[in-house]
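Below: the structure, in structure tokens.
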Protein chains: 2
Amino acid sequence: MVSESTVRRVQLAAKALKYRPNPMARGLKTNRTMMIGIVIPDLTNALFPPIIRGAESVLSGSGYISLIADTDNDPERERESFDALRARQVDGLIVASAQREDWALRSADAADMPVVLINRRDDQANLPVVMGDDASGIEQSVRHLIELGHRRIGHLAGPSELSTGVARTRAFRQWMFELGGDSDPDLIVETDTYSVEEGARAGKILLDTAAPTAVIAGNDQLAVGLLDVVKERGMRCPEDLSIVGYNDMPYMDKLSPPLTTVRVPHAEVGAEAARILLRRLEEPDLDPSTVALQVRLQVRGSTASPRTS
Amino acid sequence: MVSESTVRRVQLAAKALKYRPNPMARGLKTNRTMMIGIVIPDLTNALFPPIIRGAESVLSGSGYISLIADTDNDPERERESFDALRARQVDGLIVASAQREDWALRSADAADMPVVLINRRDDQANLPVVMGDDASGIEQSVRHLIELGHRRIGHLAGPSELSTGVARTRAFRQWMFELGGDSDPDLIVETDTYSVEEGARAGKILLDTAAPTAVIAGNDQLAVGLLDVVKERGMRCPEDLSIVGYNDMPYMDKLSPPLTTVRVPHAEVGAEAARILLRRLEEPDLDPSTVALQVRLQVRGSTASPRTS
DNA sequence: GTGAAAGCGCTAACAC
DNA sequence: GTGTTAGCGCTTTCAC
């Protein structure tokens, strides 16, 4: 029980002497670093910066700082990142880089470090996940195109190693069936990576073999690649082919035509992941929950009714 | 002097027991955290991720890990970031957020923490800087337009609080003079921020008051805003107005028309900054050098000869 | 050359 | 309640 004025005098003196508690000494004692690792596959992919921002905004509110590791989509580097983060004794991990079968991930989980996944569901480990509602995004896309009058709707499917790839493709199949789209298997072409180049490559195959009047791409990059092909061939979008993307990356509204695409609340995804992680840090034995955040189709110029030819 | 086989047996045992030196205990003793702070104004600006990547690739090679702080262009948050980073005892700082008069920056320098600046020159403090060669980028832009036959070339000037803003504007004036462009002061309109919206706002003024046949924008965002205005008004680019951007952000080649813009080797900027910082960590009294990396004009569809009306 | 011991700055546990 | 002390895991110094 010290007097309030003494408290203030001490605080003043601390400030005057620029006293800062040394986080290393503290960490050494408490075994907590107040650092959270954020592992992402590609920082230059416009998807991830907003996620990081969202996460950091809640983490910093609780005194945590984040260590960002960019794995460059390389499983080897992902392993190294995990090791580096573990060596640094981060208190928890937010992982957006996980493939469906993720080896590094399980080793982290084994080291019983709290982990929250983003956008990627791991098939084995039972971990909390935060993501956009892929099923709903694809449903909205299919419904939009069906309502415009399309039936031959193609799908550029994302890589089957990524859970977003399979989830969106599964939703595509389901809603095409439920809403009466064509079920020709040629209408689905799988890609190896989420990239513009793969979008162009797979897009050519799709156009050649299935002659769709509209295409739902697994993400915006694939859509951009497809759009390139359409222009190369002298076709017009949306007159000859409607295109829908996924994610609504920056500048997708500046393309010509502006891309119809599914908007995902990326910052909120990051923030929610951080919240869940913080909760787990306090109660490690919480049930792993899966949170699917609401998404909305952003209709723009790349979709229209098919020409009645 | 121990036998080689013993060395190996020890190393094996260490691996078997998953021994990892505790960086906090080490840091406590050595007063080095092996962490470098990277302060950037906006992670969602596509400029910065490649810079971070470049920096991290050289830092991780030397066993350093980076703490990324996103200040959201807010001087207040910049201060907080510096404090947080200092509290965490980072060994050095790479700063891309500095304004020309940067208060927080000087306090960091005063704490004699090695600092390297990126893209931003601080007017007071004498700190090493790494950036693209703004003067050369603008020279190439002006020369390109002059050679196409333009004389009334406008400039959407970046914010005067940022050194890139003033450097590019100064270079614009100089090369317009040297290469024979019009020197009407109305041809230069200043913006408050590097944003699409500001590009549109200032672009309108520029078009209304100066009637240029071509415009060099302070960066790509401003160029995109201007392009929006051009389309809104039913003008065509490049027929009615040629536009040049700066930075060559992702997807600038997918605009319609694809944007002519100056390509800056961002990853190399980050890497070079990291190299300089590492050197300074060993020899703190090195002269602060300024490194200007070579840039190149990427000519695309948004520039053409003026109509001979 | 090798091994023991002190101590980095903090927190938590324990006597008082 | 309050003051003291042990010790987190490492490095470095200093005897041996």
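Residues in the structure tokens are named by chain (A, B, ... in the order shown) and by number from 1 within that chain; ligands are numbered from 1 in the order shown.
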
Under the rule of at most 7 Å, produce a per-residue listing of chain D near chain B: chain, number, name, the closest pair of atoms, and the distance in Å, as CSV, using only C-alpha atoms (C1' of nucleotides).
```
residue,atom,partner,partner_atom,distance
D:DG9,C1',B:Ala25,CA,5.0
D:DC10,C1',B:Arg26,CA,4.9
D:DT11,C1',B:Lys29,CA,6.2
```

Output N, CA and C atoms (P, O5', C5', C4', C3', O3' and C1' of nucleotides) for every residue in the selection just made, as a tab-separated table (two decimals), in the first residue's frame.
```
chain	number	residue	atom	x	y	z
D	9	DG	P	15.50	-22.95	-18.85
D	9	DG	O5'	16.66	-22.40	-19.79
D	9	DG	C5'	16.33	-21.71	-20.97
D	9	DG	C4'	17.59	-21.11	-21.55
D	9	DG	C3'	18.70	-22.11	-21.87
D	9	DG	O3'	19.21	-21.75	-23.13
D	9	DG	C1'	19.55	-20.42	-20.53
D	10	DC	P	20.16	-22.61	-23.98
D	10	DC	O5'	21.43	-21.66	-24.13
D	10	DC	C5'	21.33	-20.51	-24.91
D	10	DC	C4'	22.08	-19.38	-24.24
D	10	DC	C3'	23.58	-19.36	-24.48
D	10	DC	O3'	23.84	-18.68	-25.70
D	10	DC	C1'	22.97	-18.63	-22.27
D	11	DT	P	25.21	-18.82	-26.40
D	11	DT	O5'	26.12	-17.80	-25.59
D	11	DT	C5'	25.87	-16.41	-25.74
D	11	DT	C4'	26.77	-15.65	-24.80
D	11	DT	C3'	28.26	-15.69	-25.15
D	11	DT	O3'	28.73	-14.38	-24.97
D	11	DT	C1'	27.95	-16.34	-22.92
```

- Task: Might you pull out every residue within 12 Å of DG3 in chain D, with only C-alpha atoms (C1' of nucleotides) counted and same-chain residues fewer than 5 positions away left off, and present them as a ChimeraX atom specification?
- Result: /C:14-16

- Message: Run DSSP on the backbone and tell me which residues of range 35-254 of chain A come out as strand (DSSP E); list them as a ChimeraX atom specification.
- Response: /A:35-40,65-70,92-95,115-118,129-132,153-157,188-190,214-217,242-247

Just write the chosen residues, C-alpha atoms, as a compact mmCIF listing (two decimals), in the first residue's frame.
```txt
# COMPACT_ATOMS: atom_id res chain seq x y z
CA MET A 35 5.31 -12.78 -30.29
CA ILE A 36 2.96 -14.49 -32.75
CA GLY A 37 4.21 -16.02 -35.97
CA ILE A 38 2.21 -15.38 -39.12
CA VAL A 39 3.10 -17.75 -41.92
CA ILE A 40 1.91 -16.87 -45.39
CA ILE A 65 3.84 -8.40 -31.98
CA SER A 66 3.85 -10.51 -35.09
CA LEU A 67 6.67 -12.22 -36.89
CA ILE A 68 5.78 -12.58 -40.53
CA ALA A 69 7.26 -15.45 -42.47
CA ASP A 70 6.86 -15.55 -46.23
CA GLY A 92 1.40 -19.06 -31.24
CA LEU A 93 1.02 -19.35 -34.96
CA ILE A 94 -1.37 -18.09 -37.60
CA VAL A 95 -0.85 -20.14 -40.71
CA VAL A 115 -2.16 -22.72 -34.17
CA VAL A 116 -4.96 -21.10 -36.12
CA LEU A 117 -5.35 -21.75 -39.83
CA ILE A 118 -6.46 -19.23 -42.39
CA VAL A 129 -9.82 -22.43 -39.14
CA VAL A 130 -10.98 -19.02 -40.28
CA MET A 131 -11.93 -18.47 -43.86
CA GLY A 132 -14.39 -16.88 -46.20
CA ILE A 153 -20.78 -22.58 -67.16
CA GLY A 154 -17.15 -23.63 -66.90
CA HIS A 155 -14.91 -23.69 -63.87
CA LEU A 156 -11.18 -23.06 -63.65
CA ALA A 157 -10.57 -25.14 -60.55
CA ILE A 188 -14.13 -28.24 -65.09
CA VAL A 189 -10.41 -27.82 -65.75
CA GLU A 190 -7.98 -28.02 -62.89
CA ALA A 214 -19.41 -18.28 -68.82
CA VAL A 215 -16.57 -19.28 -66.53
CA ILE A 216 -16.17 -19.14 -62.78
CA ALA A 217 -12.49 -18.95 -61.96
CA SER A 242 -18.79 -14.01 -68.95
CA ILE A 243 -16.08 -14.31 -66.32
CA VAL A 244 -16.31 -14.40 -62.53
CA GLY A 245 -13.26 -14.20 -60.27
CA TYR A 246 -12.76 -14.77 -56.56
CA ASN A 247 -11.27 -12.52 -53.86
```

- Item | chain B contacts on chain A, only C-alpha atoms, 10 Å, as a PyMOL selection string | chain A and resi 19-29+31+33+35+42-53+56-57+60+63-70+72+83-89+221+224-225+227-228+250-258

Written selection (C-alpha atoms) as an mmCIF file, in the first residue's frame:
```cif
data_model
loop_
_atom_site.group_PDB
_atom_site.id
_atom_site.type_symbol
_atom_site.label_atom_id
_atom_site.label_comp_id
_atom_site.auth_asym_id
_atom_site.auth_seq_id
_atom_site.Cartn_x
_atom_site.Cartn_y
_atom_site.Cartn_z
ATOM 1 C CA TYR A 19 13.151 2.723 -18.364
ATOM 2 C CA ARG A 20 11.848 0.015 -20.636
ATOM 3 C CA PRO A 21 11.327 -3.488 -19.352
ATOM 4 C CA ASN A 22 13.552 -5.822 -21.273
ATOM 5 C CA PRO A 23 11.313 -8.268 -23.106
ATOM 6 C CA MET A 24 14.053 -10.851 -23.337
ATOM 7 C CA ALA A 25 14.701 -10.983 -19.652
ATOM 8 C CA ARG A 26 10.994 -11.151 -19.064
ATOM 9 C CA GLY A 27 10.542 -13.832 -21.668
ATOM 10 C CA LEU A 28 13.364 -15.836 -20.235
ATOM 11 C CA LYS A 29 11.560 -15.945 -16.978
ATOM 12 C CA ASN A 31 8.564 -18.506 -21.199
ATOM 13 C CA THR A 33 7.727 -13.946 -25.888
ATOM 14 C CA MET A 35 5.311 -12.780 -30.292
ATOM 15 C CA ASP A 42 3.327 -15.182 -50.670
ATOM 16 C CA LEU A 43 3.456 -11.687 -49.328
ATOM 17 C CA THR A 44 3.275 -10.203 -52.814
ATOM 18 C CA ASN A 45 -0.117 -11.795 -53.313
ATOM 19 C CA ALA A 46 -2.506 -8.953 -52.584
ATOM 20 C CA LEU A 47 -4.692 -11.302 -50.574
ATOM 21 C CA PHE A 48 -2.402 -11.495 -47.615
ATOM 22 C CA PRO A 49 -1.471 -7.964 -46.613
ATOM 23 C CA PRO A 50 -5.029 -7.182 -45.505
ATOM 24 C CA ILE A 51 -5.136 -10.408 -43.535
ATOM 25 C CA ILE A 52 -1.901 -9.494 -41.805
ATOM 26 C CA ARG A 53 -3.220 -6.066 -41.057
ATOM 27 C CA GLU A 56 -1.894 -7.279 -36.285
ATOM 28 C CA SER A 57 -4.531 -4.821 -35.276
ATOM 29 C CA SER A 60 -1.037 -5.367 -30.973
ATOM 30 C CA GLY A 63 0.616 -6.410 -26.506
ATOM 31 C CA TYR A 64 1.644 -9.032 -29.003
ATOM 32 C CA ILE A 65 3.844 -8.400 -31.977
ATOM 33 C CA SER A 66 3.849 -10.512 -35.089
ATOM 34 C CA LEU A 67 6.666 -12.218 -36.895
ATOM 35 C CA ILE A 68 5.778 -12.576 -40.532
ATOM 36 C CA ALA A 69 7.264 -15.446 -42.467
ATOM 37 C CA ASP A 70 6.861 -15.554 -46.228
ATOM 38 C CA ASP A 72 7.218 -18.225 -51.138
ATOM 39 C CA ASP A 83 11.708 -23.910 -37.338
ATOM 40 C CA ALA A 84 12.847 -20.316 -37.200
ATOM 41 C CA LEU A 85 9.608 -19.280 -35.566
ATOM 42 C CA ARG A 86 9.781 -22.113 -33.098
ATOM 43 C CA ALA A 87 13.378 -21.299 -32.289
ATOM 44 C CA ARG A 88 12.269 -17.749 -31.612
ATOM 45 C CA GLN A 89 9.746 -19.168 -29.214
ATOM 46 C CA GLN A 221 -5.473 -14.462 -60.963
ATOM 47 C CA VAL A 224 -7.129 -12.484 -65.336
ATOM 48 C CA GLY A 225 -5.269 -15.197 -67.235
ATOM 49 C CA LEU A 227 -9.372 -12.755 -69.759
ATOM 50 C CA ASP A 228 -6.004 -12.454 -71.499
ATOM 51 C CA PRO A 250 -7.086 -4.467 -55.776
ATOM 52 C CA TYR A 251 -7.539 -3.061 -59.261
ATOM 53 C CA MET A 252 -9.864 -5.821 -60.385
ATOM 54 C CA ASP A 253 -12.405 -3.027 -60.813
ATOM 55 C CA LYS A 254 -10.018 -1.275 -63.216
ATOM 56 C CA LEU A 255 -9.724 -4.121 -65.670
ATOM 57 C CA SER A 256 -11.573 -3.884 -68.901
ATOM 58 C CA PRO A 257 -14.196 -5.021 -68.363
ATOM 59 C CA PRO A 258 -14.217 -4.614 -64.582
#
```

Post-fit chain B coords, all in-order Cα pairs vs chain A, as a short mmCIF file (atom, residue, chain, number, x, y, z; two decimals) with C-alpha atoms, in the first residue's frame:
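Below is the file that was written, part-v4.cif:
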```
data_model
loop_
_atom_site.label_atom_id
_atom_site.label_comp_id
_atom_site.auth_asym_id
_atom_site.auth_seq_id
_atom_site.Cartn_x
_atom_site.Cartn_y
_atom_site.Cartn_z
CA MET B 1 0.18 0.06 -0.07
CA VAL B 2 1.96 3.12 -1.34
CA SER B 3 0.50 6.56 -1.69
CA GLU B 4 -0.86 7.58 -5.03
CA SER B 5 1.53 10.47 -5.33
CA THR B 6 4.45 8.13 -4.86
CA VAL B 7 3.12 5.91 -7.61
CA ARG B 8 3.05 8.87 -9.92
CA ARG B 9 6.49 10.02 -8.93
CA VAL B 10 7.86 6.60 -9.65
CA GLN B 11 6.13 6.46 -13.00
CA LEU B 12 7.48 9.89 -13.84
CA ALA B 13 10.97 8.90 -12.87
CA ALA B 14 10.63 5.78 -14.96
CA LYS B 15 9.64 7.85 -17.93
CA ALA B 16 12.39 10.37 -17.30
CA LEU B 17 14.97 7.64 -17.25
CA LYS B 18 13.34 6.09 -20.32
CA TYR B 19 12.97 2.84 -18.50
CA ARG B 20 11.68 0.06 -20.70
CA PRO B 21 11.21 -3.42 -19.36
CA ASN B 22 13.46 -5.76 -21.26
CA PRO B 23 11.25 -8.25 -23.06
CA MET B 24 14.01 -10.81 -23.26
CA ALA B 25 14.68 -10.89 -19.59
CA ARG B 26 10.98 -11.09 -18.99
CA GLY B 27 10.54 -13.78 -21.57
CA LEU B 28 13.38 -15.76 -20.14
CA LYS B 29 11.58 -15.88 -16.85
CA THR B 30 8.00 -16.31 -18.05
CA ASN B 31 8.61 -18.46 -21.08
CA ARG B 32 6.45 -16.20 -23.15
CA THR B 33 7.80 -13.99 -25.88
CA MET B 34 4.60 -12.13 -26.65
CA MET B 35 5.36 -12.84 -30.27
CA ILE B 36 3.01 -14.54 -32.73
CA GLY B 37 4.24 -16.09 -35.95
CA ILE B 38 2.25 -15.44 -39.11
CA VAL B 39 3.13 -17.81 -41.92
CA ILE B 40 1.94 -16.93 -45.38
CA PRO B 41 2.69 -18.46 -48.76
CA ASP B 42 3.36 -15.25 -50.65
CA LEU B 43 3.50 -11.75 -49.30
CA THR B 44 3.32 -10.29 -52.78
CA ASN B 45 -0.07 -11.87 -53.28
CA ALA B 46 -2.45 -9.02 -52.56
CA LEU B 47 -4.65 -11.35 -50.55
CA PHE B 48 -2.36 -11.56 -47.59
CA PRO B 49 -1.41 -8.04 -46.60
CA PRO B 50 -4.97 -7.24 -45.48
CA ILE B 51 -5.07 -10.46 -43.53
CA ILE B 52 -1.84 -9.55 -41.78
CA ARG B 53 -3.16 -6.11 -41.03
CA GLY B 54 -6.31 -7.46 -39.52
CA ALA B 55 -4.38 -9.90 -37.40
CA GLU B 56 -1.83 -7.35 -36.26
CA SER B 57 -4.47 -4.88 -35.24
CA VAL B 58 -5.91 -7.29 -32.70
CA LEU B 59 -2.57 -8.77 -31.66
CA SER B 60 -0.99 -5.43 -30.95
CA GLY B 61 -4.00 -4.54 -28.86
CA SER B 62 -3.00 -7.34 -26.52
CA GLY B 63 0.66 -6.46 -26.49
CA TYR B 64 1.70 -9.08 -28.99
CA ILE B 65 3.90 -8.44 -31.95
CA SER B 66 3.90 -10.57 -35.07
CA LEU B 67 6.73 -12.28 -36.88
CA ILE B 68 5.83 -12.64 -40.51
CA ALA B 69 7.29 -15.51 -42.46
CA ASP B 70 6.90 -15.63 -46.21
CA THR B 71 7.36 -19.19 -47.46
CA ASP B 72 7.24 -18.30 -51.14
CA ASN B 73 4.94 -21.27 -51.68
CA ASP B 74 7.82 -23.60 -51.03
CA PRO B 75 7.22 -26.48 -48.60
CA GLU B 76 10.94 -26.57 -47.83
CA ARG B 77 10.99 -22.93 -46.90
CA GLU B 78 7.82 -23.48 -44.97
CA ARG B 79 9.61 -26.00 -42.82
CA GLU B 80 12.48 -23.62 -42.29
CA SER B 81 10.08 -20.89 -41.34
CA PHE B 82 8.39 -23.07 -38.78
CA ASP B 83 11.73 -23.98 -37.31
CA ALA B 84 12.89 -20.39 -37.16
CA LEU B 85 9.66 -19.34 -35.54
CA ARG B 86 9.82 -22.17 -33.06
CA ALA B 87 13.43 -21.36 -32.24
CA ARG B 88 12.32 -17.82 -31.57
CA GLN B 89 9.80 -19.24 -29.17
CA VAL B 90 6.75 -17.56 -30.60
CA ASP B 91 3.74 -18.08 -28.39
CA GLY B 92 1.44 -19.11 -31.21
CA LEU B 93 1.05 -19.42 -34.94
CA ILE B 94 -1.33 -18.16 -37.59
CA VAL B 95 -0.81 -20.21 -40.70
CA ALA B 96 -2.14 -19.31 -44.13
CA SER B 97 0.30 -21.41 -46.08
CA ALA B 98 -0.92 -24.87 -45.19
CA GLN B 99 -1.54 -27.37 -47.89
CA ARG B 100 -4.11 -30.01 -47.33
CA GLU B 101 -1.46 -32.43 -46.26
CA ASP B 102 0.89 -30.36 -44.30
CA TRP B 103 3.85 -31.97 -42.73
CA ALA B 104 5.45 -28.93 -41.17
CA LEU B 105 2.13 -28.01 -39.71
CA ARG B 106 1.76 -31.21 -37.80
CA SER B 107 5.21 -30.94 -36.34
CA ALA B 108 4.29 -27.50 -35.04
CA ASP B 109 1.10 -28.78 -33.59
CA ALA B 110 3.02 -31.60 -32.00
CA ALA B 111 5.22 -29.06 -30.28
CA ASP B 112 1.90 -28.06 -28.79
CA MET B 113 2.12 -24.56 -29.97
CA PRO B 114 -1.34 -23.07 -30.47
CA VAL B 115 -2.12 -22.79 -34.17
CA VAL B 116 -4.93 -21.17 -36.11
CA LEU B 117 -5.31 -21.80 -39.82
CA ILE B 118 -6.42 -19.28 -42.39
CA ASN B 119 -8.10 -20.13 -45.67
CA ARG B 120 -6.69 -23.61 -45.55
CA ARG B 121 -8.12 -26.60 -43.91
CA ASP B 122 -5.72 -29.31 -42.92
CA ASP B 123 -7.22 -32.70 -43.53
CA GLN B 124 -5.60 -34.51 -40.65
CA ALA B 125 -4.91 -32.24 -37.75
CA ASN B 126 -7.86 -30.90 -35.94
CA LEU B 127 -7.15 -27.21 -35.90
CA PRO B 128 -9.30 -24.11 -35.77
CA VAL B 129 -9.79 -22.48 -39.13
CA VAL B 130 -10.94 -19.06 -40.26
CA MET B 131 -11.89 -18.51 -43.86
CA GLY B 132 -14.37 -16.92 -46.19
CA ASP B 133 -17.47 -18.95 -46.89
CA ASP B 134 -16.37 -20.59 -50.14
CA ALA B 135 -19.59 -22.52 -50.63
CA SER B 136 -21.63 -19.35 -50.38
CA GLY B 137 -19.31 -17.40 -52.69
CA ILE B 138 -19.57 -20.03 -55.37
CA GLU B 139 -23.31 -20.38 -54.88
CA GLN B 140 -23.74 -16.66 -55.43
CA SER B 141 -21.56 -16.83 -58.53
CA VAL B 142 -23.43 -19.76 -60.07
CA ARG B 143 -26.79 -18.27 -59.19
CA HIS B 144 -25.83 -14.95 -60.75
CA LEU B 145 -24.81 -16.60 -64.00
CA ILE B 146 -27.83 -18.89 -64.10
CA GLU B 147 -30.11 -15.92 -63.59
CA LEU B 148 -28.41 -14.18 -66.48
CA GLY B 149 -29.42 -17.17 -68.58
CA HIS B 150 -26.16 -19.16 -68.70
CA ARG B 151 -26.23 -22.95 -68.63
CA ARG B 152 -22.82 -23.93 -70.02
CA ILE B 153 -20.82 -22.53 -67.16
CA GLY B 154 -17.19 -23.60 -66.91
CA HIS B 155 -14.93 -23.68 -63.88
CA LEU B 156 -11.22 -23.04 -63.66
CA ALA B 157 -10.60 -25.15 -60.58
CA GLY B 158 -7.88 -24.15 -58.12
CA PRO B 159 -5.12 -26.61 -57.22
CA SER B 160 -6.40 -29.74 -55.54
CA GLU B 161 -3.62 -29.52 -52.95
CA LEU B 162 -5.24 -26.43 -51.54
CA SER B 163 -8.41 -26.71 -49.59
CA THR B 164 -9.86 -23.62 -51.23
CA GLY B 165 -9.40 -25.34 -54.56
CA VAL B 166 -11.37 -28.42 -53.62
CA ALA B 167 -13.95 -26.54 -51.56
CA ARG B 168 -14.81 -24.17 -54.38
CA THR B 169 -14.87 -26.93 -56.98
CA ARG B 170 -17.12 -29.07 -54.83
CA ALA B 171 -19.44 -26.14 -54.29
CA PHE B 172 -19.40 -25.47 -58.02
CA ARG B 173 -20.51 -29.01 -58.79
CA GLN B 174 -23.19 -28.92 -56.17
CA TRP B 175 -24.74 -25.64 -57.19
CA MET B 176 -24.52 -26.32 -60.89
CA PHE B 177 -26.53 -29.42 -60.14
CA GLU B 178 -29.03 -27.75 -57.87
CA LEU B 179 -29.60 -24.73 -60.06
CA GLY B 180 -29.75 -26.56 -63.36
CA GLY B 181 -26.43 -25.85 -65.05
CA ASP B 182 -24.83 -28.24 -67.53
CA SER B 183 -22.94 -31.08 -65.88
CA ASP B 184 -20.50 -31.84 -68.73
CA PRO B 185 -17.24 -32.86 -66.98
CA ASP B 186 -15.22 -30.97 -69.60
CA LEU B 187 -16.58 -27.80 -68.04
CA ILE B 188 -14.19 -28.22 -65.15
CA VAL B 189 -10.45 -27.81 -65.79
CA GLU B 190 -8.01 -28.02 -62.94
CA THR B 191 -5.01 -25.74 -62.49
CA ASP B 192 -1.69 -26.40 -60.77
CA THR B 193 -1.27 -23.03 -59.13
CA TYR B 194 -3.29 -19.89 -58.58
CA SER B 195 -1.51 -17.82 -61.20
CA VAL B 196 -2.24 -15.73 -64.26
CA GLU B 197 -0.22 -18.10 -66.40
CA GLU B 198 -2.11 -21.14 -65.24
CA GLY B 199 -5.34 -19.30 -65.81
CA ALA B 200 -4.31 -18.73 -69.41
CA ARG B 201 -3.12 -22.30 -69.92
CA ALA B 202 -6.17 -23.95 -68.41
CA GLY B 203 -8.45 -21.32 -69.86
CA LYS B 204 -7.42 -22.25 -73.39
CA ILE B 205 -8.22 -25.87 -72.73
CA LEU B 206 -11.55 -24.97 -71.22
CA LEU B 207 -12.54 -22.78 -74.16
CA ASP B 208 -11.36 -25.32 -76.70
CA THR B 209 -12.98 -28.41 -75.26
CA ALA B 210 -16.13 -27.19 -73.56
CA ALA B 211 -17.21 -23.97 -75.31
CA PRO B 212 -18.75 -22.41 -72.22
CA THR B 213 -20.69 -19.15 -72.27
CA ALA B 214 -19.44 -18.23 -68.82
CA VAL B 215 -16.58 -19.25 -66.53
CA ILE B 216 -16.19 -19.13 -62.77
CA ALA B 217 -12.49 -18.94 -61.96
CA GLY B 218 -11.06 -20.34 -58.74
CA ASN B 219 -9.57 -16.95 -58.00
CA ASP B 220 -8.85 -13.58 -59.57
CA GLN B 221 -5.46 -14.48 -60.97
CA LEU B 222 -6.94 -17.35 -62.93
CA ALA B 223 -9.69 -15.02 -64.13
CA VAL B 224 -7.12 -12.49 -65.32
CA GLY B 225 -5.28 -15.20 -67.24
CA LEU B 226 -8.51 -16.30 -68.86
CA LEU B 227 -9.36 -12.72 -69.75
CA ASP B 228 -6.00 -12.44 -71.48
CA VAL B 229 -6.80 -15.48 -73.60
CA VAL B 230 -10.23 -14.14 -74.47
CA LYS B 231 -8.71 -10.90 -75.72
CA GLU B 232 -5.94 -12.69 -77.55
CA ARG B 233 -8.50 -14.65 -79.48
CA GLY B 234 -10.49 -11.61 -80.40
CA MET B 235 -13.42 -12.71 -78.29
CA ARG B 236 -15.14 -10.16 -76.17
CA CYS B 237 -15.97 -10.22 -72.49
CA PRO B 238 -18.75 -10.24 -71.44
CA GLU B 239 -20.47 -10.52 -74.84
CA ASP B 240 -18.83 -13.79 -75.85
CA LEU B 241 -17.83 -15.01 -72.42
CA SER B 242 -18.80 -13.96 -68.92
CA ILE B 243 -16.07 -14.28 -66.30
CA VAL B 244 -16.31 -14.38 -62.51
CA GLY B 245 -13.27 -14.19 -60.25
CA TYR B 246 -12.74 -14.78 -56.56
CA ASN B 247 -11.23 -12.53 -53.85
CA ASP B 248 -11.68 -9.09 -55.37
CA MET B 249 -8.04 -8.15 -55.34
CA PRO B 250 -7.03 -4.50 -55.72
CA TYR B 251 -7.47 -3.07 -59.21
CA MET B 252 -9.81 -5.82 -60.34
CA ASP B 253 -12.34 -3.01 -60.76
CA LYS B 254 -9.96 -1.26 -63.15
CA LEU B 255 -9.67 -4.10 -65.62
CA SER B 256 -11.53 -3.85 -68.84
CA PRO B 257 -14.17 -4.99 -68.31
CA PRO B 258 -14.18 -4.59 -64.53
CA LEU B 259 -14.18 -8.06 -63.04
CA THR B 260 -17.22 -9.54 -61.35
CA THR B 261 -15.74 -11.32 -58.36
CA VAL B 262 -16.42 -12.53 -54.84
CA ARG B 263 -15.37 -10.12 -52.15
CA VAL B 264 -13.88 -11.72 -49.06
CA PRO B 265 -13.42 -9.69 -45.86
CA HIS B 266 -9.71 -10.46 -45.63
CA ALA B 267 -8.88 -8.09 -42.80
CA GLU B 268 -11.70 -9.53 -40.75
CA VAL B 269 -10.42 -13.04 -41.48
CA GLY B 270 -7.04 -12.07 -40.07
CA ALA B 271 -8.57 -10.34 -37.08
CA GLU B 272 -10.81 -13.28 -36.25
CA ALA B 273 -7.90 -15.69 -36.53
CA ALA B 274 -5.95 -13.56 -34.09
CA ARG B 275 -8.87 -13.45 -31.67
CA ILE B 276 -9.21 -17.19 -31.72
CA LEU B 277 -5.50 -17.61 -31.21
CA LEU B 278 -5.47 -15.29 -28.23
CA ARG B 279 -8.36 -17.21 -26.72
CA ARG B 280 -6.47 -20.45 -27.21
CA LEU B 281 -3.40 -19.04 -25.57
CA GLU B 282 -5.43 -18.70 -22.41
CA GLU B 283 -7.45 -21.88 -22.70
CA PRO B 284 -5.41 -24.35 -24.73
CA ASP B 285 -8.06 -27.04 -24.60
CA LEU B 286 -10.79 -25.15 -26.37
CA ASP B 287 -12.59 -26.99 -29.14
CA PRO B 288 -11.16 -26.12 -32.51
CA SER B 289 -13.89 -24.15 -34.21
CA THR B 290 -14.24 -23.43 -37.90
CA VAL B 291 -15.35 -19.92 -38.70
CA ALA B 292 -16.63 -19.13 -42.19
CA LEU B 293 -17.01 -15.41 -42.74
CA GLN B 294 -19.67 -14.05 -45.02
CA VAL B 295 -18.67 -13.15 -48.58
CA ARG B 296 -20.52 -11.24 -51.27
CA LEU B 297 -20.51 -11.34 -55.02
CA GLN B 298 -19.40 -8.02 -56.44
CA VAL B 299 -21.16 -7.75 -59.79
CA ARG B 300 -19.28 -5.72 -62.38
CA GLY B 301 -18.87 -5.56 -66.11
CA SER B 302 -17.40 -8.97 -66.87
CA THR B 303 -20.73 -10.79 -66.64
CA ALA B 304 -23.79 -10.41 -68.84
CA SER B 305 -26.48 -12.54 -70.44
CA PRO B 306 -25.26 -14.89 -73.14
CA ARG B 307 -25.86 -13.84 -76.69
CA THR B 308 -28.92 -15.62 -78.00
CA SER B 309 -27.17 -17.07 -80.97
#
```

- Tell me the residues of chain C close to chain B, meaning within 9 Å using only C-alpha atoms (C1' of nucleotides), as a VMD selection string. chain C and resid 1 7 to 9

- d(C1' of DT12 in chain D, C1' of DA12 in chain C) in Å: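 Interatomic distance here is 27.4 Å.
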
Give me the residues within 10 Å of DA15 in chain D as an mmCIF file with C-alpha atoms (C1' of nucleotides), in the first residue's frame, counting only C-alpha atoms (C1' of nucleotides) and dropping any in the same chain fewer than 6 places off.
```cif
data_model
loop_
_atom_site.group_PDB
_atom_site.id
_atom_site.type_symbol
_atom_site.label_atom_id
_atom_site.label_comp_id
_atom_site.auth_asym_id
_atom_site.auth_seq_id
_atom_site.Cartn_x
_atom_site.Cartn_y
_atom_site.Cartn_z
ATOM 1 C "C1'" DG C 3 36.065 -26.131 -16.579
ATOM 2 C "C1'" DA C 4 33.615 -23.494 -13.220
ATOM 3 C "C1'" DA C 5 31.076 -19.550 -12.086
#
```
